[in-house]
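Student: So that we are looking at the same thing, I have put the structure below in structure tokens.
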Amino acid sequence: MDIKRPAKSKLKKRIRTVVFIVIGLAAIVGITFGLTRLKPAAPTLDRSTAVIDTVKRGQMVREVRGIGTLVPQAIRLVPAPADGRVEKIPVQAGVVVGYDTVIVELSNPQMEQEAMDAEFQVKAVQADEESLRTRLESESMTQQATIATITAEYSQARLQLDTDEVLGKQGLVPDLLLKISRMHVQDLGNRLKVEQQRLTISGKSTKAQINAQESRLQQLRALARLRRDQVNALKVRAGTSGVLQEISVQVGQQVTPGFNIARVADPASLKAELKIAETQIKDVKLGQAVAVDTRNGIIKGEVLRIDPAAREGTFIVDVALTGPLPASARPDLSVDGTIELERLNNVLYVGRPAFGQGQPTVSLFRLDPDGKGAVRTQVTLGRSSVTTVEVIDGLQEGDQVILSDTSAMDSPHIRVR
């Protein structure tokens, strides 16, 4: 049988429920308010993935580094001497060649024909010279014979005149005959004098004609030698001793005068060409010490030349190699070069950070003494090197800082584990 409960007990139950609900809401509001007042947890950095360095005081060597290649100082580009077709390539790149080593053989039928024509012209002029000498000698002998005849006649006429003079004084020869004898001697004397003058002039003319012919012959001989030398030059030679680095033609190829057929380099005279970033070139000077790493040894050197203009963001720095070359040194060998700029004494320095390059002030995390945490610190940097940088302000000797890139950690404190 059901017993009816009194209404007072129901009222108490409702009040209790309401109280519980109010208390629960108050608790939720309190917890929420407390959570909003909590600070976010500090980010955590794994020590094994971080680069940590200690601030030191002492001598800091400023250096810049660049990549480059070994290049020969003595390079000869072998040009094509004339138009021609490549007929033969007796040697290949990489072999050692001498001054007279034939690298490429060319052909040029026109030049060969011109050389033959010049030689034939020389022979023809030689024959003409021999003929001229013979003719002039014959003319000279004829002239001498004429002089000899007139001389004999003159002598005979002179004897006759002497006889007539003696007889004329005795009255045995008429005066007319004596005058005729005198005129005959005078005439022969004049003829002899003229013929002798003609012989002298003929001798000068003979010498002039022979000299002219010899000059013509020498000119043609020089032209023939030039033509023959041009044909011989079609056998292109190295022109120097060294290593044949490159042949830029193929058999059957047609080349023009001046076309670079090959490149010969002296492997004993090498230098290094380093590419230095334009942001680091300002402190590089001539004569500075350089260490060139060939990956099989370090070669000492010094700065020889600095390119006056930048190319693709870098300057080319030539380095004269003063130390002995390793056996592996070859032209076009890739190398790394480190140029020593200066030595700074008694300065505070630390490893170069992975971020903030070129900025005077960077934000670094300095480790706590226990090494379990780090605090962000503003650090003023000075002169920099390849792996180190000078510390002006913000750190003390012995401080440990994180050099890794921590730009993603936007917090003044981090935990290190």
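By convention here, the chains of the structure tokens are called A, B, ... in the order presented, each chain's residues are numbered starting at 1, and ligands are numbered starting at 1 in the order presented.
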Report as JSON, numbers by chain all protein, DNA and RNA residues lying within 12 Å of Leu274 (chain A), evaluated on only C-alpha atoms, omitting residues in the same chain fewer than 3 positions from it.
Tutor: {"A": [64, 65, 66, 67, 68, 69, 70, 71, 271, 277, 281, 284, 290, 291, 292, 293, 301, 302, 303, 304, 305, 306, 307, 314, 315, 316, 317, 318, 319, 320, 332, 333, 334, 335, 336, 337, 338, 339]}
Student: Taking the backbone alone, and naming residues the way the document does, which bits of region 84-320 of chain A are strand (DSSP E) by DSSP, as a PyMOL selection string?
Tutor: chain A and resi 84-88+96-97+102-107+235-237+242-247+254-255+260-265+270-277+289-293+298-306+314-320
Student: In Å, rounded to a single decimal, give me how far CA of Asp283 (chain A) is from CA of Val379 (chain A).
Tutor: 23.5 Å
Student: Taking only C-alpha atoms into account, name the residue in A:Thr294, A:Gln126, A:Thr380, A:Gln288 that is nearest to Ile210 (chain A).
Tutor: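 Using only C-alpha atoms, Ile210 (chain A) sits closest to A:Gln126.
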Student: Could you tell me which of A:Arg158, A:Gly351, A:Arg415, A:Thr200 comes closest to Val389 (chain A) if we count only C-alpha atoms?
Tutor: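 Closest candidate: A:Gly351.
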Student: Determine, counting only C-alpha atoms, which protein, DNA and RNA residues have an atom within 8 Å of an atom of region 142-154 of chain A; residues of the same chain fewer than 4 positions away are not included. Present the result as a PyMOL selection string.
Tutor: chain A and resi 138+158+185+188-189+191-192+195-196+198-199
Student: Quick one: distance from CA of Ala127 (chain A) to CA of Asp229 (chain A) in Å, one decimal?
Tutor: 23.9 Å
Student: Taking the DSSP assignment computed from this structure's backbone, write out as number ranges by chain all residues of region 205-336 of chain A that belong to alpha helix (DSSP H).
Tutor: A: 205-232
Student: For Ser205 (chain A), work out the shell of residues within 12 Å, counting only C-alpha atoms and skipping chain neighbours fewer than 3 positions away, then give it as an MDAnalysis selection string.
Tutor: chainID A and resid 132:133 136:137 139:140 198:202 208:212
Student: I need the residues from that last selection saved to file as a PDB file, in the first residue's frame (with C-alpha atoms), if you can.
Tutor:
ATOM      1  CA  LEU A 132     120.318  37.870-118.981  1.00  0.00           C
ATOM      2  CA  ARG A 133     123.808  37.241-117.623  1.00  0.00           C
ATOM      3  CA  LEU A 136     125.050  40.840-121.175  1.00  0.00           C
ATOM      4  CA  GLU A 137     128.376  38.993-121.100  1.00  0.00           C
ATOM      5  CA  GLU A 139     127.430  42.163-125.423  1.00  0.00           C
ATOM      6  CA  SER A 140     130.336  43.084-123.183  1.00  0.00           C
ATOM      7  CA  ARG A 198     130.331  52.833-124.030  1.00  0.00           C
ATOM      8  CA  LEU A 199     132.045  49.851-122.385  1.00  0.00           C
ATOM      9  CA  THR A 200     132.028  51.642-119.015  1.00  0.00           C
ATOM     10  CA  ILE A 201     128.356  52.588-119.339  1.00  0.00           C
ATOM     11  CA  SER A 202     127.526  49.081-120.539  1.00  0.00           C
ATOM     12  CA  ALA A 208     121.990  47.446-112.711  1.00  0.00           C
ATOM     13  CA  GLN A 209     120.065  44.895-114.792  1.00  0.00           C
ATOM     14  CA  ILE A 210     121.567  41.982-112.871  1.00  0.00           C
ATOM     15  CA  ASN A 211     120.805  43.693-109.526  1.00  0.00           C
ATOM     16  CA  ALA A 212     117.214  44.295-110.596  1.00  0.00           C
TER      17      ALA A 212
END
Student: At a cut-off of 6 Å, using only C-alpha atoms, what residues contact region 79-91 of chain A? Leave out same-chain residues fewer than 2 positions from it and give the result as a ChimeraX atom specification.
Tutor: /A:103-108,251-261
